[in-house]
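**Q** Let me give you the structure first, and then I'll get to my questions.
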Amino acid sequence: MSGQYNLIATTAFGLEAVVARELNALGYAQQRVEDGRVRFPGDAAAVVRCNLWLRCASRVVIQVAEFDATDFGELFDRTAAIAWEDWLPVDAAFPVRGRSARSKLHSVPDCQRIVKKAIVERLKSVHQRDWFDETGAARGIEVAVLKDRVTLTIDTSGDALHKRGYRTASGPAPLRETLAAALVLLSYWNRERPLVDPCCGSGTILIEAAMIGREIAPGLKRSFAAEQWPQFPRGLWDAERVAAAAKVRPQLAERLIGTDVEERAVLAARKHAEATGVADDIHFQRKALAEFRSPRKYGVLITNPPYGERIGEEREVEQLYRDMGRLFEPLDTWSIYVLTAHPQFERLFGRRAERRRKLFNSTLACTYYQFPGPKPPRHDGRVTSMPPHSR
Ligand SMILES: C[S@@+](CC[C@H](N)C(=O)[O-])C[C@H]1O[C@@H](n2cnc3c(N)ncnc32)[C@H](O)[C@@H]1O
């Protein structure tokens, strides 16, 4: 092991470029972007900082080894040759996850079993014992095989990064926090502009926006697996947390607005905003979309309406999309963004999107329809430049 690690920020498909931009902003510009992951070199501080600050990545993992293997013997030998004792204390629990695509080693359970066995054999010979209780803190290992190339990683995050710790109540079909943050970062919103979600559910999009607007680190209120590892001393975590807490900006000048037809959703949204410390930045209210009006100019509307995939829901959802088209038409200075899996969204909404982006809501393929409006004039009457994250 050295002071420099080969790090990987894993992402949901479609979010790689957003995570790459986040890494750039954190100062990690040397990257290789691949499907579902962004590789970059970094030291212990990078592991801490990226866990605390990446809003759209799924996990931060360390690449322990990478090699070609086309049979299980090779997989075993190459894995057993790694100094796992440097990573795994004698009591560590080390569950092995796996995935495989376009490779001779296509059986994921077998890959997991072989890697587990190879690590155990290695540890047996190093520690001169036959049995490991695995009663200590978990260190998740992943074996990923892509086109016969094996990547072995160890997970520094523990719980996936979408688990910020604020979601305690369940709402109808909530978005992952990482995806909600990406919807905001892909939009034209910044803390100076109005922001509305008229189908806000448990409030995820607006809570993530409030955290972005106030520069609240998404990981500030949770812990990470690598906090228990000697390579990442406690002082490093404490220092990064103190620095992150000092960055938090004051309350947003303009409250974000979230409405939903379901009282239960609004109650959950308020609870989550409270838990995040952004309750005063967002106004949540029970209201049907049909009542939506706004006299404001240059606002941003980001929403994730129901998709109508459940039987009996189709008609209602189609009508909702038609209503959205009619109600949003007067908002000619607004930028509008809709995430849905409904294949007929644009036809029902009555407008073709200027940009579309394929994103996954868990495993469901969705499209992020983008209708960017004009940029707001600056106070001196000139047009503002694009916010840094907008694409
Ligand atoms: C897919 S969920 C949104 C989930 C949300 N993004 C979250 O992370 O919790 C869609 C939401 O639209 C709401 N909804 C459905 N029909 C509506 C209507 N006519 N007016 C307002 N909200 C509606 C539902 O109650 C539900 O909360």
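In the structure tokens, chains take letters A, B, ... by order of appearance, with residues numbered from 1 within each chain and ligands from 1 in the order shown.
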What residues have any atom no more than 9 Å from ligand 1 when counting only C-alpha atoms and all ligand atoms, and can you list them as a VMD selection string?

**A** chain A and resid 170 to 177 180 197 to 206 259 to 266 268 to 269 286 to 292 303 to 307 316 to 317 319 to 320 323 340

**Q** Name the residues in contact with stretch 118-135 of chain A at a cut-off of 9 Å, using only C-alpha atoms, excluding same-chain residues fewer than 3 positions from it; report them as an mmCIF file with N, CA and C atoms, in the first residue's frame.

**A**
```
data_model
loop_
_atom_site.group_PDB
_atom_site.id
_atom_site.type_symbol
_atom_site.label_atom_id
_atom_site.label_comp_id
_atom_site.auth_asym_id
_atom_site.auth_seq_id
_atom_site.Cartn_x
_atom_site.Cartn_y
_atom_site.Cartn_z
ATOM 1 N N LEU A 75 -8.038 -16.821 -11.555
ATOM 2 C CA LEU A 75 -8.701 -15.875 -10.642
ATOM 3 C C LEU A 75 -8.241 -16.144 -9.210
ATOM 4 N N PHE A 76 -8.198 -17.428 -8.845
ATOM 5 C CA PHE A 76 -7.781 -17.801 -7.492
ATOM 6 C C PHE A 76 -6.330 -17.376 -7.232
ATOM 7 N N ASP A 77 -5.435 -17.761 -8.137
ATOM 8 C CA ASP A 77 -3.998 -17.497 -7.912
ATOM 9 C C ASP A 77 -3.707 -16.004 -7.836
ATOM 10 N N ARG A 78 -4.278 -15.252 -8.754
ATOM 11 C CA ARG A 78 -4.001 -13.801 -8.762
ATOM 12 C C ARG A 78 -4.567 -13.139 -7.505
ATOM 13 N N THR A 79 -5.728 -13.631 -7.052
ATOM 14 C CA THR A 79 -6.352 -13.035 -5.859
ATOM 15 C C THR A 79 -5.554 -13.406 -4.603
ATOM 16 N N ALA A 80 -5.126 -14.651 -4.535
ATOM 17 C CA ALA A 80 -4.384 -15.113 -3.344
ATOM 18 C C ALA A 80 -3.007 -14.452 -3.247
ATOM 19 N N ALA A 81 -2.506 -13.916 -4.364
ATOM 20 C CA ALA A 81 -1.169 -13.286 -4.346
ATOM 21 C C ALA A 81 -1.221 -11.860 -3.772
ATOM 22 N N ILE A 82 -2.414 -11.334 -3.542
ATOM 23 C CA ILE A 82 -2.552 -9.950 -3.049
ATOM 24 C C ILE A 82 -2.373 -9.910 -1.527
ATOM 25 N N ALA A 83 -1.748 -8.850 -1.042
ATOM 26 C CA ALA A 83 -1.500 -8.725 0.415
ATOM 27 C C ALA A 83 -2.780 -8.288 1.135
ATOM 28 N N TRP A 84 -3.754 -9.181 1.200
ATOM 29 C CA TRP A 84 -5.044 -8.840 1.822
ATOM 30 C C TRP A 84 -4.888 -8.506 3.299
ATOM 31 N N GLU A 85 -3.821 -9.060 3.918
ATOM 32 C CA GLU A 85 -3.604 -8.787 5.348
ATOM 33 C C GLU A 85 -3.396 -7.291 5.605
ATOM 34 N N LEU A 88 -7.290 -6.238 5.585
ATOM 35 C CA LEU A 88 -8.300 -6.909 6.409
ATOM 36 C C LEU A 88 -7.698 -7.303 7.751
ATOM 37 N N VAL A 90 -7.563 -9.176 11.349
ATOM 38 C CA VAL A 90 -7.830 -10.606 11.514
ATOM 39 C C VAL A 90 -9.310 -10.900 11.825
ATOM 40 N N ASP A 91 -10.008 -9.921 12.422
ATOM 41 C CA ASP A 91 -11.431 -10.168 12.746
ATOM 42 C C ASP A 91 -12.383 -9.580 11.690
ATOM 43 N N ALA A 92 -11.869 -9.039 10.596
ATOM 44 C CA ALA A 92 -12.742 -8.339 9.632
ATOM 45 C C ALA A 92 -13.776 -9.267 9.004
ATOM 46 N N ALA A 93 -14.980 -8.747 8.840
ATOM 47 C CA ALA A 93 -15.967 -9.441 8.007
ATOM 48 C C ALA A 93 -15.708 -8.937 6.593
ATOM 49 N N PHE A 94 -15.664 -9.835 5.627
ATOM 50 C CA PHE A 94 -15.398 -9.350 4.262
ATOM 51 C C PHE A 94 -16.324 -10.028 3.247
ATOM 52 N N ARG A 113 -17.329 -16.843 -4.858
ATOM 53 C CA ARG A 113 -16.862 -17.961 -4.026
ATOM 54 C C ARG A 113 -15.342 -18.131 -4.160
ATOM 55 N N ILE A 114 -14.838 -18.050 -5.388
ATOM 56 C CA ILE A 114 -13.395 -18.249 -5.620
ATOM 57 C C ILE A 114 -12.595 -17.125 -4.958
ATOM 58 N N VAL A 115 -13.081 -15.894 -5.113
ATOM 59 C CA VAL A 115 -12.355 -14.751 -4.521
ATOM 60 C C VAL A 115 -12.356 -14.883 -3.000
ATOM 61 N N ALA A 138 -17.332 -4.651 8.831
ATOM 62 C CA ALA A 138 -17.351 -5.220 7.475
ATOM 63 C C ALA A 138 -16.509 -4.389 6.513
#
```

**Q** Which neighbours of A:Glu215 fall inside 10 Å, counting only C-alpha atoms, when residues of the same chain fewer than 6 positions from it are skipped, and could you give them as number ranges by chain?

**A** A: 53, 209, 244-250

**Q** Among stretch 12-230 of chain A, which residues carry a DSSP assignment of alpha helix (DSSP H), reported as an MDAnalysis selection string?

**A** chainID A and resid 16:26 44:53 72:80 108:127 177:185 204:213

**Q** Enumerate, as a PyMOL selection string, the complete set of residues in stretch 199-330 of chain A that a backbone-based DSSP assignment places in strand (DSSP E).

**A** chain A and resi 256-260+282-286+300-303

**Q** Output C-alpha atoms of each residue in that selection to a file, as a short mmCIF file (atom, residue, chain, number, x, y, z; two decimals), in the first residue's frame.

**A**
```cif
data_model
loop_
_atom_site.label_atom_id
_atom_site.label_comp_id
_atom_site.auth_asym_id
_atom_site.auth_seq_id
_atom_site.Cartn_x
_atom_site.Cartn_y
_atom_site.Cartn_z
CA LEU A 256 -38.10 26.44 -2.51
CA ILE A 257 -41.65 25.20 -3.04
CA GLY A 258 -42.80 21.60 -2.90
CA THR A 259 -46.40 20.50 -3.33
CA ASP A 260 -48.04 17.11 -3.55
CA ILE A 282 -38.43 24.85 1.74
CA HIS A 283 -42.16 25.41 1.90
CA PHE A 284 -44.08 22.14 1.57
CA GLN A 285 -47.82 22.18 1.05
CA ARG A 286 -50.55 19.76 0.14
CA VAL A 300 -36.94 26.41 -12.39
CA LEU A 301 -39.33 23.48 -12.12
CA ILE A 302 -37.90 20.01 -11.56
CA THR A 303 -40.27 17.14 -11.03
#
```

**Q** Find the residues near A:Lys163: any atom within 12 Å, counting only C-alpha atoms, skip ones fewer than 5 places away on the same chain, and give them as a PDB file with C-alpha atoms, in the first residue's frame.

**A**
```
ATOM      1  CA  ASN A  51     -17.184  10.256   0.683  1.00  0.00           C
ATOM      2  CA  LEU A  52     -18.269  13.438   2.430  1.00  0.00           C
ATOM      3  CA  ARG A  55     -23.627  14.040  -4.146  1.00  0.00           C
ATOM      4  CA  CYS A  56     -24.227  11.768  -7.130  1.00  0.00           C
ATOM      5  CA  ALA A  57     -21.782   8.842  -6.727  1.00  0.00           C
ATOM      6  CA  SER A  58     -22.957   5.499  -5.351  1.00  0.00           C
ATOM      7  CA  ARG A  59     -19.751   4.589  -3.502  1.00  0.00           C
ATOM      8  CA  SER A 157     -18.295   3.995   1.958  1.00  0.00           C
ATOM      9  CA  GLY A 158     -20.125   1.198   3.786  1.00  0.00           C
ATOM     10  CA  THR A 168     -36.767   8.065   7.757  1.00  0.00           C
ATOM     11  CA  LEU A 175     -36.050   8.905  -5.780  1.00  0.00           C
ATOM     12  CA  ARG A 176     -32.568   7.968  -4.654  1.00  0.00           C
ATOM     13  CA  GLU A 177     -30.937  11.041  -3.143  1.00  0.00           C
ATOM     14  CA  THR A 178     -27.986  10.672  -5.569  1.00  0.00           C
ATOM     15  CA  LEU A 179     -30.321  10.796  -8.585  1.00  0.00           C
ATOM     16  CA  THR A 204     -35.968  14.500  -2.171  1.00  0.00           C
ATOM     17  CA  PRO A 218     -24.247  15.334   1.730  1.00  0.00           C
ATOM     18  CA  GLY A 219     -22.269  13.020   4.022  1.00  0.00           C
ATOM     19  CA  LEU A 220     -22.007  15.383   6.954  1.00  0.00           C
ATOM     20  CA  LYS A 221     -24.518  13.470   9.084  1.00  0.00           C
ATOM     21  CA  ARG A 222     -23.461   9.896   8.424  1.00  0.00           C
ATOM     22  CA  SER A 223     -20.523   7.603   8.997  1.00  0.00           C
ATOM     23  CA  PHE A 224     -18.420   5.630   6.501  1.00  0.00           C
TER      24      PHE A 224
END
```

**Q** Please, what distance in Å, to one decimal, runs between atom CA of A:Asp159 and atom CA of A:Ala225?

**A** 7.7 Å
